[in-house]
file upload_24.cif (mmCIF, N, CA and C atoms)
data_model
loop_
_atom_site.label_atom_id
_atom_site.label_comp_id
_atom_site.auth_asym_id
_atom_site.auth_seq_id
_atom_site.Cartn_x
_atom_site.Cartn_y
_atom_site.Cartn_z
N MET A 1 16.82 -11.74 2.06
CA MET A 1 17.45 -11.38 3.31
C MET A 1 16.97 -12.28 4.44
N PHE A 2 15.71 -12.64 4.44
CA PHE A 2 15.15 -13.45 5.51
C PHE A 2 14.84 -14.84 4.98
N SER A 3 15.21 -15.85 5.75
CA SER A 3 14.79 -17.20 5.39
C SER A 3 13.37 -17.38 5.88
N PRO A 4 12.65 -18.39 5.41
CA PRO A 4 11.26 -18.57 5.81
C PRO A 4 11.07 -18.71 7.32
N LYS A 5 12.10 -19.19 8.04
CA LYS A 5 11.97 -19.39 9.48
C LYS A 5 12.34 -18.16 10.29
N GLN A 6 12.98 -17.17 9.67
CA GLN A 6 13.43 -15.99 10.40
C GLN A 6 12.38 -14.89 10.38
N LYS A 7 12.20 -14.28 11.56
CA LYS A 7 11.30 -13.14 11.67
C LYS A 7 12.12 -11.86 11.53
N LYS A 8 11.46 -10.77 11.19
CA LYS A 8 12.14 -9.49 11.06
C LYS A 8 12.64 -8.98 12.41
N THR A 9 12.15 -9.55 13.51
CA THR A 9 12.61 -9.15 14.83
C THR A 9 13.73 -10.05 15.35
N ASP A 10 14.21 -10.99 14.54
CA ASP A 10 15.29 -11.89 14.90
C ASP A 10 16.62 -11.25 14.51
N LEU A 11 17.49 -11.01 15.51
CA LEU A 11 18.77 -10.35 15.22
C LEU A 11 19.62 -11.12 14.22
N ALA A 12 19.52 -12.44 14.22
CA ALA A 12 20.32 -13.25 13.30
C ALA A 12 19.93 -13.02 11.84
N ALA A 13 18.79 -12.40 11.61
CA ALA A 13 18.34 -12.15 10.25
C ALA A 13 19.08 -10.98 9.60
N TYR A 14 19.87 -10.23 10.37
CA TYR A 14 20.52 -9.03 9.85
C TYR A 14 22.03 -9.22 9.74
N LYS A 15 22.58 -8.71 8.66
CA LYS A 15 24.01 -8.80 8.40
C LYS A 15 24.80 -7.85 9.31
N ASP A 16 24.31 -6.64 9.48
CA ASP A 16 25.01 -5.62 10.26
C ASP A 16 24.40 -5.52 11.66
N HIS A 17 25.27 -5.65 12.68
CA HIS A 17 24.81 -5.56 14.07
C HIS A 17 25.61 -4.49 14.80
N SER A 18 24.94 -3.76 15.66
CA SER A 18 25.61 -2.81 16.54
C SER A 18 25.14 -3.12 17.96
N PHE A 19 26.03 -2.92 18.94
CA PHE A 19 25.72 -3.27 20.32
C PHE A 19 26.12 -2.13 21.23
N ILE A 20 25.22 -1.77 22.15
CA ILE A 20 25.51 -0.75 23.16
C ILE A 20 25.40 -1.45 24.51
N SER A 21 26.53 -1.56 25.22
CA SER A 21 26.59 -2.36 26.46
C SER A 21 25.94 -1.66 27.64
N LYS A 22 25.76 -2.41 28.71
CA LYS A 22 25.13 -1.91 29.93
C LYS A 22 25.88 -0.71 30.51
N GLN A 23 27.20 -0.67 30.34
CA GLN A 23 28.00 0.41 30.91
C GLN A 23 27.98 1.67 30.06
N ALA A 24 27.41 1.61 28.87
CA ALA A 24 27.44 2.76 27.95
C ALA A 24 26.25 3.68 28.16
N ARG A 25 26.52 4.98 28.06
CA ARG A 25 25.47 6.01 28.08
C ARG A 25 25.79 6.95 26.93
N ILE A 26 24.86 7.03 25.97
CA ILE A 26 25.09 7.83 24.77
C ILE A 26 24.12 9.00 24.76
N LYS A 27 24.65 10.20 24.52
CA LYS A 27 23.82 11.39 24.37
C LYS A 27 23.93 11.84 22.92
N GLY A 28 22.82 11.79 22.21
CA GLY A 28 22.81 12.17 20.80
C GLY A 28 21.93 11.22 20.01
N ASP A 29 21.68 11.59 18.78
CA ASP A 29 20.80 10.80 17.92
C ASP A 29 21.57 9.64 17.29
N ILE A 30 20.87 8.53 17.07
CA ILE A 30 21.46 7.36 16.43
C ILE A 30 20.61 6.98 15.23
N HIS A 31 21.27 6.88 14.07
CA HIS A 31 20.64 6.39 12.84
C HIS A 31 21.36 5.08 12.52
N PHE A 32 20.61 4.01 12.29
CA PHE A 32 21.26 2.73 12.04
C PHE A 32 20.55 1.94 10.95
N HIS A 33 21.27 0.95 10.41
CA HIS A 33 20.74 -0.04 9.47
C HIS A 33 21.09 -1.40 10.06
N GLY A 34 20.29 -2.39 9.77
CA GLY A 34 20.55 -3.71 10.31
C GLY A 34 19.94 -3.85 11.68
N ALA A 35 20.71 -4.36 12.64
CA ALA A 35 20.20 -4.61 13.99
C ALA A 35 20.97 -3.77 15.00
N LEU A 36 20.26 -3.20 15.95
CA LEU A 36 20.86 -2.45 17.05
C LEU A 36 20.37 -3.07 18.34
N HIS A 37 21.31 -3.54 19.16
CA HIS A 37 20.99 -4.15 20.45
C HIS A 37 21.45 -3.18 21.53
N VAL A 38 20.52 -2.72 22.35
CA VAL A 38 20.82 -1.70 23.36
C VAL A 38 20.60 -2.28 24.75
N GLU A 39 21.66 -2.32 25.54
CA GLU A 39 21.54 -2.70 26.94
C GLU A 39 21.86 -1.52 27.84
N GLY A 40 22.45 -0.48 27.30
CA GLY A 40 22.79 0.72 28.06
C GLY A 40 21.69 1.77 27.96
N VAL A 41 22.10 3.04 27.99
CA VAL A 41 21.15 4.16 27.97
C VAL A 41 21.47 5.07 26.78
N ILE A 42 20.44 5.45 26.05
CA ILE A 42 20.56 6.41 24.96
C ILE A 42 19.66 7.59 25.27
N GLU A 43 20.22 8.80 25.21
CA GLU A 43 19.43 10.02 25.34
C GLU A 43 19.45 10.70 23.98
N GLY A 44 18.37 10.55 23.22
CA GLY A 44 18.28 11.12 21.89
C GLY A 44 17.37 10.29 21.02
N LEU A 45 17.28 10.68 19.76
CA LEU A 45 16.43 9.97 18.81
C LEU A 45 17.12 8.69 18.34
N VAL A 46 16.32 7.66 18.10
CA VAL A 46 16.82 6.41 17.51
C VAL A 46 15.99 6.18 16.25
N ILE A 47 16.67 6.13 15.09
CA ILE A 47 15.96 6.10 13.81
C ILE A 47 16.56 5.04 12.90
N ALA A 48 15.69 4.26 12.26
CA ALA A 48 16.11 3.30 11.24
C ALA A 48 14.98 3.08 10.26
N LYS A 49 15.28 3.19 8.96
CA LYS A 49 14.26 2.94 7.94
C LYS A 49 14.01 1.46 7.76
N ASP A 50 15.04 0.65 8.01
CA ASP A 50 14.89 -0.79 7.96
C ASP A 50 15.68 -1.36 9.13
N GLY A 51 15.55 -2.63 9.37
CA GLY A 51 16.28 -3.23 10.47
C GLY A 51 15.43 -3.40 11.70
N CYS A 52 16.11 -3.71 12.82
CA CYS A 52 15.40 -4.03 14.05
C CYS A 52 16.14 -3.49 15.26
N LEU A 53 15.40 -2.93 16.18
CA LEU A 53 15.92 -2.46 17.46
C LEU A 53 15.57 -3.49 18.53
N HIS A 54 16.57 -3.93 19.29
CA HIS A 54 16.35 -4.78 20.47
C HIS A 54 16.76 -3.96 21.67
N LEU A 55 15.82 -3.64 22.54
CA LEU A 55 16.10 -2.78 23.69
C LEU A 55 15.92 -3.55 24.98
N HIS A 56 17.01 -3.61 25.75
CA HIS A 56 16.96 -4.18 27.09
C HIS A 56 17.36 -3.12 28.11
N GLY A 57 17.81 -1.99 27.64
CA GLY A 57 18.22 -0.89 28.50
C GLY A 57 17.16 0.19 28.53
N GLU A 58 17.59 1.44 28.28
CA GLU A 58 16.65 2.57 28.35
C GLU A 58 16.94 3.56 27.23
N ILE A 59 15.88 4.08 26.63
CA ILE A 59 15.99 5.15 25.64
C ILE A 59 15.14 6.31 26.11
N ILE A 60 15.79 7.47 26.24
CA ILE A 60 15.11 8.70 26.63
C ILE A 60 15.05 9.55 25.37
N GLY A 61 13.95 9.48 24.67
CA GLY A 61 13.81 10.17 23.39
C GLY A 61 12.90 9.36 22.49
N ASP A 62 12.62 9.88 21.34
CA ASP A 62 11.69 9.23 20.42
C ASP A 62 12.41 8.16 19.59
N ILE A 63 11.65 7.13 19.23
CA ILE A 63 12.14 6.02 18.43
C ILE A 63 11.28 5.92 17.18
N ASP A 64 11.92 5.79 16.01
CA ASP A 64 11.21 5.62 14.74
C ASP A 64 11.94 4.53 13.96
N VAL A 65 11.40 3.30 14.02
CA VAL A 65 12.07 2.14 13.42
C VAL A 65 11.07 1.29 12.65
N ALA A 66 11.60 0.36 11.86
CA ALA A 66 10.75 -0.58 11.12
C ALA A 66 10.26 -1.68 12.04
N ASN A 67 11.16 -2.31 12.79
CA ASN A 67 10.84 -3.42 13.67
C ASN A 67 11.51 -3.21 15.02
N ALA A 68 10.88 -3.71 16.09
CA ALA A 68 11.48 -3.56 17.41
C ALA A 68 11.00 -4.65 18.35
N VAL A 69 11.92 -5.04 19.24
CA VAL A 69 11.59 -5.88 20.39
C VAL A 69 12.03 -5.08 21.60
N ILE A 70 11.06 -4.71 22.43
CA ILE A 70 11.35 -3.86 23.58
C ILE A 70 11.19 -4.69 24.85
N ASN A 71 12.25 -4.73 25.65
CA ASN A 71 12.22 -5.40 26.94
C ASN A 71 12.92 -4.52 27.96
N GLY A 72 12.82 -3.21 27.74
CA GLY A 72 13.44 -2.22 28.59
C GLY A 72 12.50 -1.03 28.73
N VAL A 73 13.07 0.15 28.93
CA VAL A 73 12.28 1.36 29.20
C VAL A 73 12.43 2.35 28.05
N VAL A 74 11.30 2.89 27.61
CA VAL A 74 11.28 3.95 26.61
C VAL A 74 10.56 5.14 27.23
N ARG A 75 11.26 6.27 27.29
CA ARG A 75 10.67 7.53 27.78
C ARG A 75 10.59 8.48 26.59
N GLY A 76 9.54 8.29 25.79
CA GLY A 76 9.36 9.06 24.57
C GLY A 76 8.39 8.31 23.68
N ASN A 77 8.14 8.86 22.52
CA ASN A 77 7.21 8.24 21.58
C ASN A 77 7.92 7.14 20.78
N LEU A 78 7.19 6.07 20.54
CA LEU A 78 7.72 4.91 19.82
C LEU A 78 6.87 4.68 18.58
N THR A 79 7.51 4.78 17.40
CA THR A 79 6.83 4.51 16.13
C THR A 79 7.50 3.31 15.50
N CYS A 80 6.70 2.28 15.22
CA CYS A 80 7.21 1.06 14.62
C CYS A 80 6.39 0.77 13.36
N HIS A 81 7.04 0.84 12.20
CA HIS A 81 6.34 0.77 10.92
C HIS A 81 5.95 -0.63 10.48
N GLU A 82 6.55 -1.66 11.06
CA GLU A 82 6.21 -3.03 10.67
C GLU A 82 5.77 -3.85 11.88
N HIS A 83 6.72 -4.41 12.63
CA HIS A 83 6.37 -5.32 13.73
C HIS A 83 6.97 -4.83 15.03
N LEU A 84 6.14 -4.75 16.07
CA LEU A 84 6.58 -4.34 17.39
C LEU A 84 6.23 -5.42 18.39
N GLU A 85 7.22 -5.82 19.16
CA GLU A 85 7.01 -6.80 20.22
C GLU A 85 7.37 -6.15 21.56
N LEU A 86 6.40 -6.10 22.47
CA LEU A 86 6.65 -5.59 23.81
C LEU A 86 6.77 -6.80 24.73
N ALA A 87 7.99 -7.08 25.18
CA ALA A 87 8.25 -8.24 26.03
C ALA A 87 7.82 -7.93 27.47
N SER A 88 7.94 -8.92 28.33
CA SER A 88 7.35 -8.83 29.68
C SER A 88 7.93 -7.73 30.55
N GLU A 89 9.15 -7.27 30.29
CA GLU A 89 9.76 -6.20 31.09
C GLU A 89 9.66 -4.83 30.42
N ALA A 90 8.93 -4.71 29.33
CA ALA A 90 8.82 -3.44 28.60
C ALA A 90 8.00 -2.43 29.39
N LYS A 91 8.53 -1.20 29.44
CA LYS A 91 7.82 -0.08 30.06
C LYS A 91 7.94 1.10 29.11
N ILE A 92 6.80 1.53 28.56
CA ILE A 92 6.77 2.62 27.60
C ILE A 92 6.02 3.79 28.23
N PHE A 93 6.64 4.97 28.22
CA PHE A 93 6.03 6.19 28.71
C PHE A 93 5.93 7.15 27.52
N GLY A 94 4.82 7.06 26.77
CA GLY A 94 4.64 7.88 25.59
C GLY A 94 3.66 7.22 24.64
N THR A 95 3.55 7.79 23.48
CA THR A 95 2.63 7.27 22.46
C THR A 95 3.31 6.16 21.66
N VAL A 96 2.60 5.05 21.47
CA VAL A 96 3.11 3.93 20.69
C VAL A 96 2.29 3.82 19.41
N SER A 97 2.93 4.03 18.26
CA SER A 97 2.29 3.89 16.96
C SER A 97 2.86 2.65 16.30
N TYR A 98 2.00 1.79 15.75
CA TYR A 98 2.46 0.50 15.25
C TYR A 98 1.56 -0.02 14.14
N HIS A 99 2.08 -0.97 13.34
CA HIS A 99 1.27 -1.72 12.38
C HIS A 99 0.86 -3.04 12.99
N ASN A 100 1.83 -3.82 13.45
CA ASN A 100 1.57 -5.10 14.09
C ASN A 100 2.15 -5.06 15.49
N LEU A 101 1.37 -5.47 16.48
CA LEU A 101 1.79 -5.37 17.87
C LEU A 101 1.62 -6.71 18.58
N GLU A 102 2.67 -7.12 19.30
CA GLU A 102 2.62 -8.27 20.21
C GLU A 102 2.93 -7.74 21.59
N MET A 103 2.05 -7.98 22.55
CA MET A 103 2.29 -7.55 23.94
C MET A 103 2.29 -8.77 24.84
N MET A 104 3.38 -8.95 25.56
CA MET A 104 3.49 -10.06 26.50
C MET A 104 2.94 -9.63 27.86
N LEU A 105 2.51 -10.60 28.63
CA LEU A 105 2.01 -10.36 29.98
C LEU A 105 3.11 -9.68 30.80
N GLY A 106 2.79 -8.57 31.42
CA GLY A 106 3.75 -7.82 32.22
C GLY A 106 4.23 -6.54 31.56
N SER A 107 4.11 -6.43 30.24
CA SER A 107 4.54 -5.20 29.57
C SER A 107 3.57 -4.08 29.93
N GLN A 108 4.10 -2.85 29.96
CA GLN A 108 3.29 -1.70 30.38
C GLN A 108 3.44 -0.56 29.38
N VAL A 109 2.31 0.09 29.09
CA VAL A 109 2.31 1.30 28.27
C VAL A 109 1.57 2.37 29.05
N THR A 110 2.28 3.45 29.38
CA THR A 110 1.66 4.60 30.02
C THR A 110 1.61 5.68 28.95
N GLY A 111 0.49 5.76 28.27
CA GLY A 111 0.34 6.66 27.13
C GLY A 111 -0.68 6.09 26.18
N LEU A 112 -0.58 6.46 24.93
CA LEU A 112 -1.54 6.04 23.92
C LEU A 112 -1.00 4.90 23.06
N LEU A 113 -1.91 3.99 22.68
CA LEU A 113 -1.61 2.99 21.66
C LEU A 113 -2.35 3.42 20.41
N GLN A 114 -1.61 3.66 19.32
CA GLN A 114 -2.21 4.12 18.07
C GLN A 114 -1.84 3.19 16.93
N PRO A 115 -2.78 2.34 16.49
CA PRO A 115 -2.47 1.52 15.32
C PRO A 115 -2.36 2.40 14.09
N MET A 116 -1.37 2.10 13.25
CA MET A 116 -1.21 2.85 12.00
C MET A 116 -1.94 2.08 10.91
N ASN A 117 -2.75 2.78 10.17
CA ASN A 117 -3.46 2.16 9.07
C ASN A 117 -2.52 2.03 7.88
N LYS A 118 -2.60 0.89 7.23
CA LYS A 118 -1.83 0.75 6.00
C LYS A 118 -2.46 1.66 4.97
N PRO A 119 -1.65 2.27 4.11
CA PRO A 119 -2.23 3.19 3.13
C PRO A 119 -3.28 2.50 2.27
N ALA A 120 -4.41 3.11 2.20
CA ALA A 120 -5.49 2.55 1.38
C ALA A 120 -5.20 2.82 -0.09
N LEU A 121 -5.55 1.87 -0.89
CA LEU A 121 -5.39 2.06 -2.33
C LEU A 121 -6.53 2.94 -2.82
N SER A 122 -6.19 3.98 -3.50
CA SER A 122 -7.24 4.85 -4.02
C SER A 122 -7.35 4.63 -5.53
N VAL A 123 -8.54 4.67 -6.00
CA VAL A 123 -8.77 4.52 -7.42
C VAL A 123 -9.01 5.91 -8.01
N VAL A 124 -8.12 6.31 -8.89
CA VAL A 124 -8.24 7.62 -9.51
C VAL A 124 -8.77 7.39 -10.93
N LYS A 125 -9.87 8.01 -11.21
CA LYS A 125 -10.46 7.87 -12.55
C LYS A 125 -9.83 8.89 -13.48
N GLU A 126 -9.57 8.43 -14.67
CA GLU A 126 -9.04 9.32 -15.70
C GLU A 126 -10.13 10.31 -16.10
N PRO A 127 -9.78 11.57 -16.29
CA PRO A 127 -10.79 12.52 -16.74
C PRO A 127 -11.29 12.15 -18.14
N ALA A 128 -12.55 12.38 -18.35
CA ALA A 128 -13.15 12.07 -19.66
C ALA A 128 -12.54 13.00 -20.71
N ALA A 129 -12.25 12.44 -21.86
CA ALA A 129 -11.62 13.22 -22.91
C ALA A 129 -12.65 13.98 -23.73
#
call {"tool": "encode", "arguments": {"input": "upload_24.cif", "output": "structure tokens"}}
result
Amino acid sequence: MFSPKQKKTDLAAYKDHSFISKQARIKGDIHFHGALHVEGVIEGLVIAKDGCLHLHGEIIGDIDVANAVINGVVRGNLTCHEHLELASEAKIFGTVSYHNLEMMLGSQVTGLLQPMNKPALSVVKEPAA
């Protein structure tokens, strides 16, 4: 799916794209695959098991995605399971949970930053026979 030069946060890396324009205001939860580019306002949950969220607008509600580039406002908790990039205009009001985090100069987080630990491999010994 990704060429060696493409990052998981690059919209061009995804086959399916959805766009919410500046004039749009959506009330309700959004589940998506591929890439979602938001310039408007969403009031509700934003969820994706894979893909990437690009936010330049505002989300009022919790976000649970694999990858994200935030350059807008989030009023809720943000969980990013792979790569999170907070660009210079990002403003987060809530808890940010992440595996990999990039923060640009000017981005703001009012809340907690919580790195997620990758699951540790456990060694289970077979019971003695």
call {"tool": "residues_around", "arguments": {"input": "upload_24.cif", "residues": "region 46-58 of chain A", "least_positions_apart": "5", "cutoff": "6 Å", "atoms": "all atoms listed in the file", "output": "PyMOL selection string"}}
result
chain A and resi 8-9+29-41+63-74
call {"tool": "residues_around", "arguments": {"input": "upload_24.cif", "residues": "Gly94 (chain A)", "least_positions_apart": "4", "cutoff": "7 Å", "atoms": "all atoms listed in the file", "output": "number ranges by chain"}}
result
A: 74-78, 109-113
call {"tool": "atom_distance", "arguments": {"input": "upload_24.cif", "atom1": "atom N of Lys27 (chain A)", "atom2": "atom C of Ile59 (chain A)"}}
result
10.4 Å
call {"tool": "residues_around", "arguments": {"input": "upload_24.cif", "residues": "His99 (chain A)", "least_positions_apart": "6", "cutoff": "6 Å", "atoms": "only N, CA and C atoms", "output": "list of chain:residue names"}}
result
A:Cys80, A:His81, A:Glu82, A:His83, A:Pro115, A:Met116
call {"tool": "closest_residue", "arguments": {"input": "upload_24.cif", "among": "A:Gly44, A:Ser21, A:Asn117, A:Asp62", "to": "Tyr98 (chain A)", "atoms": "only C-alpha atoms"}}
result
A:Asn117
